[in-house]
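Below is one structure; the comments refer to it alone.
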Amino acid sequence: MIGFVLKEASSKKGFALDLGCGAGWFALELARGGMNVDGFDISPKQIAIAKKISQESEESSDPELHGDFGSTNYQVVDLNGVNLEEQKYEAVVSWGTLHHIQRLDRLLREMKKSLKPGGKFIFYEYIGYHGLAKVFPIILKAAELVPEWLGRLKKISVKAKGPLISPFEGISREHILDLARREFFVERIQYKFLFLPALVSRLRIYRLNRTFSLPLVKFFKWVDQGLIKSRIFRGPFVLVLARKNEYGQVRERCA
């Protein structure tokens, strides 16, 4: 998926925008591919890390990193109120950021304004479970109890403090696709991962010996993909390629 997004976003050289860039890992790869990248994130600490790593990469003597390096421009920005330059970008990318944005409709209008005609909007996002797939959160919740039961059998405490969850987690997830279709021409949608990442985490498969963990993950991946391909279930994650229509009209097509 990462390779697909990088290829599409850098197919036409110029400026790109990375929304919610964090420590800049994705923006850095785009810059290594020759793009001039603006990276926006609300966290000053993440932006500081991104600037440091980008400078080290740009100054590297390794020709694989330095040969075609574009540029990075990182800024601390609240995406709920950002104002973007008109027709600046060849591509806008977002990796797991949009579902945190309260004013997503405003952000998408700004993105559309900032893209050049024919420019690409590419994102990977969590949109939640729908239809028959709503059974999977129940299954995953039950799977969460397995390590606890095993721990009790072995008389080992497995309780751990849960992660700090943002109050804006998933605040706009139900509207992402509708808003994207309203503002852009959607060329491709792929539904991803009914249960695989969550199950691996909840069963703590990564703690097993690789002899057991890798075949187990491959099996679960095969089942996960098979269920989605059956078209009976739709995964709660989507990989979307959309485009600003060259004639300024809003069109819609779901792949």
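The way I read the labels, and the way they are meant: chains A, B, ... in the order of the structure tokens, residue 1 as the first residue of every chain, and ligand 1 as the first ligand shown, with later ones counted on from there.
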Exercise: stretch 238-242 of chain A partners within 7 Å, only C-alpha atoms, chain neighbours under 2 positions left out, as a ChimeraX atom specification: /A:120-126,184-192,236
Close residues, A:Gly14 itself excluded, 7 Å, only C-alpha atoms, min 5 positions apart in chain, as JSON, numbers by chain: {"A": [35, 36, 90]}
How about saving the chosen residues, C-alpha atoms kept, as a short mmCIF file (atom, residue, chain, number, x, y, z; two decimals), in the first residue's frame?
```cif
data_model
loop_
_atom_site.label_atom_id
_atom_site.label_comp_id
_atom_site.auth_asym_id
_atom_site.auth_seq_id
_atom_site.Cartn_x
_atom_site.Cartn_y
_atom_site.Cartn_z
CA MET A 35 8.93 15.86 -4.77
CA ASN A 36 8.85 19.20 -2.93
CA GLU A 90 0.25 17.87 -7.80
#
```
Nearby residues (only C-alpha atoms) at most 12 Å from A:Lys7, same-chain spacing under 5 positions excluded, as a list of chain:residue names: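 Counting only the stated atoms, we get A:Met1, A:Ile2, A:Lys12, A:Lys13, A:Phe26, A:Glu29, A:Leu30, A:Arg32, A:Gly33, A:Gly34, A:Met35, A:Ala91, A:Val93, A:Lys120, A:Ile122, A:Leu241.
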Selection to disk with N, CA and C atoms, as a short mmCIF file (atom, residue, chain, number, x, y, z; two decimals), in the first residue's frame:
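After the write, out02.cif holds the following:
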```cif
data_model
loop_
_atom_site.label_atom_id
_atom_site.label_comp_id
_atom_site.auth_asym_id
_atom_site.auth_seq_id
_atom_site.Cartn_x
_atom_site.Cartn_y
_atom_site.Cartn_z
N MET A 1 0.82 -1.21 0.00
CA MET A 1 0.00 0.00 0.00
C MET A 1 0.86 1.26 0.00
N ILE A 2 1.92 1.24 0.79
CA ILE A 2 2.81 2.40 0.85
C ILE A 2 3.45 2.64 -0.51
N LYS A 12 3.93 12.74 -11.07
CA LYS A 12 4.18 14.01 -11.74
C LYS A 12 4.93 14.90 -10.77
N LYS A 13 6.15 15.25 -11.09
CA LYS A 13 7.01 15.99 -10.17
C LYS A 13 6.49 17.40 -9.94
N PHE A 26 6.54 9.65 5.72
CA PHE A 26 5.99 9.56 4.38
C PHE A 26 6.46 10.74 3.52
N GLU A 29 9.95 10.12 2.21
CA GLU A 29 10.02 9.22 1.06
C GLU A 29 9.61 9.92 -0.23
N LEU A 30 8.61 10.80 -0.13
CA LEU A 30 8.21 11.57 -1.31
C LEU A 30 9.34 12.49 -1.76
N ARG A 32 12.51 12.02 -1.25
CA ARG A 32 13.54 11.17 -1.84
C ARG A 32 13.21 10.80 -3.28
N GLY A 33 11.92 10.85 -3.60
CA GLY A 33 11.49 10.58 -4.97
C GLY A 33 11.44 11.83 -5.84
N GLY A 34 11.96 12.95 -5.31
CA GLY A 34 12.07 14.15 -6.12
C GLY A 34 10.96 15.16 -5.93
N MET A 35 10.04 14.93 -5.00
CA MET A 35 8.93 15.86 -4.77
C MET A 35 9.33 16.94 -3.77
N ALA A 91 -0.20 16.60 -5.76
CA ALA A 91 -0.81 15.51 -4.99
C ALA A 91 -0.94 15.91 -3.53
N VAL A 93 -1.61 13.78 0.12
CA VAL A 93 -1.69 12.44 0.70
C VAL A 93 -2.04 12.53 2.17
N LYS A 120 -3.97 14.71 -7.68
CA LYS A 120 -4.43 13.51 -6.99
C LYS A 120 -4.58 13.72 -5.49
N ILE A 122 -4.85 11.13 -2.36
CA ILE A 122 -4.66 9.71 -2.06
C ILE A 122 -4.64 9.55 -0.55
N LEU A 241 -7.88 6.41 -4.17
CA LEU A 241 -7.24 7.28 -5.14
C LEU A 241 -8.34 8.14 -5.77
#
```
Test item: residues at most 12 Å from stretch 211-219 of chain A, only C-alpha atoms, excluding those fewer than 2 positions along its chain, as a list in words: Phe195, Leu196, Pro197, Ala198, Leu199, Val200, Ser201, Leu203, Arg204, Ile205, Tyr206, Arg207, Leu208, Asn209, Lys221, Trp222, Val223, Asp224, Gln225 and Gly226 of chain A
Option closest in space to A:Gly96, from A:Val82, A:Ile127, A:Leu28, A:Ala50 [counting only C-alpha atoms]: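 The shortest atom-to-atom distance to A:Gly96 comes from A:Ile127.
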Show which residues sit within 10 Å of A:Glu174, as a PDB file with C-alpha atoms, in the first residue's frame. Count only C-alpha atoms, and ignore same-chain residues fewer than 3 positions away.
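Result written to out-v9.pdb:
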```pdb
ATOM      1  CA  HIS A  99     -10.809  10.562  10.785  1.00  0.00           C
ATOM      2  CA  TYR A 126     -10.272   4.028   9.037  1.00  0.00           C
ATOM      3  CA  ILE A 127     -13.984   4.427   8.254  1.00  0.00           C
ATOM      4  CA  GLY A 128     -15.456   1.935  10.729  1.00  0.00           C
ATOM      5  CA  TYR A 129     -17.344  -1.342  10.362  1.00  0.00           C
ATOM      6  CA  HIS A 130     -20.520  -1.485   8.291  1.00  0.00           C
ATOM      7  CA  GLY A 170     -12.819   8.492  14.688  1.00  0.00           C
ATOM      8  CA  ILE A 171     -14.841  11.706  14.996  1.00  0.00           C
ATOM      9  CA  LEU A 177     -16.070   8.625   1.753  1.00  0.00           C
ATOM     10  CA  ASP A 178     -19.207  10.717   1.221  1.00  0.00           C
ATOM     11  CA  LEU A 179     -17.246  13.956   1.450  1.00  0.00           C
TER      12      LEU A 179
END
```
Shell around A:Ile232 at 9 Å using only C-alpha atoms, local window under 5 positions removed, as an NGL selection string: :A and (132-133 or 227)
Could you write those residues out with N, CA and C atoms, as a CSV table (one decimal), in the first residue's frame?
```csv
chain,number,residue,atom,x,y,z
A,132,LEU,N,-22.7,-6.4,7.7
A,132,LEU,CA,-22.4,-7.7,8.3
A,132,LEU,C,-21.0,-7.7,9.0
A,133,ALA,N,-20.1,-6.8,8.6
A,133,ALA,CA,-18.8,-6.7,9.2
A,133,ALA,C,-18.8,-6.2,10.6
A,227,LEU,N,-12.3,-13.1,2.8
A,227,LEU,CA,-13.6,-12.6,3.2
A,227,LEU,C,-13.9,-11.3,2.5
```
Those in stretch 87-122 of chain A with helix (DSSP H, G or I) from DSSP, as a PyMOL selection string: chain A and resi 98-100+104-114
Atom CA of A:Gly24 to atom CA of A:Ser11, straight-line distance in Å: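 One can read the atom CA of A:Ser11 to atom CA of A:Gly24 distance as 19.7 Å.
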Coordinates-based distance that separates atom CA of A:Gly235 from atom CA of A:Ile42 (Å, one decimal):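 Between these atoms lies a distance of 28.3 Å.
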Could you write out, as an mmCIF file with N, CA and C atoms, in the first residue's frame, all the residues of stretch 74-221 of chain A that DSSP marks as strand (DSSP E or B)?
```
data_model
loop_
_atom_site.group_PDB
_atom_site.id
_atom_site.type_symbol
_atom_site.label_atom_id
_atom_site.label_comp_id
_atom_site.auth_asym_id
_atom_site.auth_seq_id
_atom_site.Cartn_x
_atom_site.Cartn_y
_atom_site.Cartn_z
ATOM 1 N N TYR A 74 8.268 21.517 6.768
ATOM 2 C CA TYR A 74 7.374 21.058 7.832
ATOM 3 C C TYR A 74 6.847 22.243 8.636
ATOM 4 N N GLN A 75 5.548 22.201 8.961
ATOM 5 C CA GLN A 75 4.929 23.267 9.726
ATOM 6 C C GLN A 75 3.949 22.690 10.747
ATOM 7 N N VAL A 76 3.868 23.361 11.901
ATOM 8 C CA VAL A 76 2.855 23.015 12.895
ATOM 9 C C VAL A 76 1.551 23.681 12.475
ATOM 10 N N TYR A 89 -0.484 22.154 -5.562
ATOM 11 C CA TYR A 89 -0.002 20.780 -5.400
ATOM 12 C C TYR A 89 -0.394 19.865 -6.557
ATOM 13 N N GLU A 90 0.546 18.969 -6.872
ATOM 14 C CA GLU A 90 0.247 17.873 -7.799
ATOM 15 C C GLU A 90 -0.462 16.732 -7.073
ATOM 16 N N ALA A 91 -0.200 16.601 -5.758
ATOM 17 C CA ALA A 91 -0.809 15.509 -4.990
ATOM 18 C C ALA A 91 -0.937 15.905 -3.529
ATOM 19 N N VAL A 92 -1.997 15.422 -2.910
ATOM 20 C CA VAL A 92 -2.198 15.530 -1.459
ATOM 21 C C VAL A 92 -2.359 14.119 -0.931
ATOM 22 N N VAL A 93 -1.607 13.776 0.120
ATOM 23 C CA VAL A 93 -1.691 12.438 0.695
ATOM 24 C C VAL A 93 -2.044 12.529 2.171
ATOM 25 N N SER A 94 -2.712 11.501 2.649
ATOM 26 C CA SER A 94 -3.049 11.420 4.073
ATOM 27 C C SER A 94 -3.036 9.959 4.485
ATOM 28 N N TRP A 95 -2.358 9.673 5.588
ATOM 29 C CA TRP A 95 -2.258 8.303 6.081
ATOM 30 C C TRP A 95 -2.789 8.272 7.519
ATOM 31 N N LEU A 115 -5.200 21.828 -5.047
ATOM 32 C CA LEU A 115 -4.720 20.914 -6.079
ATOM 33 C C LEU A 115 -4.784 21.555 -7.463
ATOM 34 N N LYS A 116 -3.814 21.227 -8.279
ATOM 35 C CA LYS A 116 -3.865 21.633 -9.675
ATOM 36 C C LYS A 116 -4.927 20.797 -10.398
ATOM 37 N N PRO A 117 -5.452 21.275 -11.539
ATOM 38 C CA PRO A 117 -6.401 20.454 -12.294
ATOM 39 C C PRO A 117 -5.822 19.075 -12.602
ATOM 40 N N GLY A 118 -6.554 18.048 -12.284
ATOM 41 C CA GLY A 118 -6.069 16.682 -12.469
ATOM 42 C C GLY A 118 -5.212 16.175 -11.334
ATOM 43 N N GLY A 119 -4.982 17.023 -10.309
ATOM 44 C CA GLY A 119 -4.156 16.619 -9.176
ATOM 45 C C GLY A 119 -4.788 15.494 -8.373
ATOM 46 N N LYS A 120 -3.968 14.712 -7.677
ATOM 47 C CA LYS A 120 -4.428 13.508 -6.985
ATOM 48 C C LYS A 120 -4.580 13.724 -5.488
ATOM 49 N N PHE A 121 -5.602 13.109 -4.953
ATOM 50 C CA PHE A 121 -5.834 13.036 -3.512
ATOM 51 C C PHE A 121 -5.836 11.557 -3.153
ATOM 52 N N ILE A 122 -4.847 11.134 -2.365
ATOM 53 C CA ILE A 122 -4.661 9.714 -2.059
ATOM 54 C C ILE A 122 -4.644 9.547 -0.549
ATOM 55 N N PHE A 123 -5.481 8.651 -0.040
ATOM 56 C CA PHE A 123 -5.510 8.487 1.413
ATOM 57 C C PHE A 123 -5.813 7.046 1.824
ATOM 58 N N TYR A 124 -5.286 6.707 3.002
ATOM 59 C CA TYR A 124 -5.573 5.431 3.661
ATOM 60 C C TYR A 124 -6.207 5.778 4.993
ATOM 61 N N GLU A 125 -7.430 5.289 5.245
ATOM 62 C CA GLU A 125 -8.183 5.748 6.404
ATOM 63 C C GLU A 125 -9.034 4.652 7.039
ATOM 64 N N TYR A 126 -9.325 4.868 8.302
ATOM 65 C CA TYR A 126 -10.272 4.028 9.037
ATOM 66 C C TYR A 126 -11.655 4.652 8.929
ATOM 67 N N PHE A 185 -13.351 13.284 -7.951
ATOM 68 C CA PHE A 185 -13.669 12.124 -8.793
ATOM 69 C C PHE A 185 -12.909 10.932 -8.219
ATOM 70 N N VAL A 186 -13.607 9.993 -7.633
ATOM 71 C CA VAL A 186 -12.985 8.835 -6.996
ATOM 72 C C VAL A 186 -12.698 7.778 -8.055
ATOM 73 N N GLU A 187 -11.428 7.499 -8.258
ATOM 74 C CA GLU A 187 -11.026 6.536 -9.283
ATOM 75 C C GLU A 187 -10.930 5.116 -8.749
ATOM 76 N N ARG A 188 -10.567 4.983 -7.467
ATOM 77 C CA ARG A 188 -10.307 3.633 -6.947
ATOM 78 C C ARG A 188 -10.520 3.592 -5.443
ATOM 79 N N ILE A 189 -11.242 2.571 -4.993
ATOM 80 C CA ILE A 189 -11.409 2.318 -3.561
ATOM 81 C C ILE A 189 -11.097 0.853 -3.292
ATOM 82 N N GLN A 190 -10.221 0.602 -2.350
ATOM 83 C CA GLN A 190 -9.943 -0.757 -1.905
ATOM 84 C C GLN A 190 -10.257 -0.851 -0.414
ATOM 85 N N TYR A 191 -11.079 -1.837 -0.053
ATOM 86 C CA TYR A 191 -11.376 -2.063 1.360
ATOM 87 C C TYR A 191 -10.336 -3.023 1.932
ATOM 88 N N LYS A 192 -9.878 -2.723 3.142
ATOM 89 C CA LYS A 192 -8.763 -3.451 3.728
ATOM 90 C C LYS A 192 -9.091 -3.950 5.136
#
```
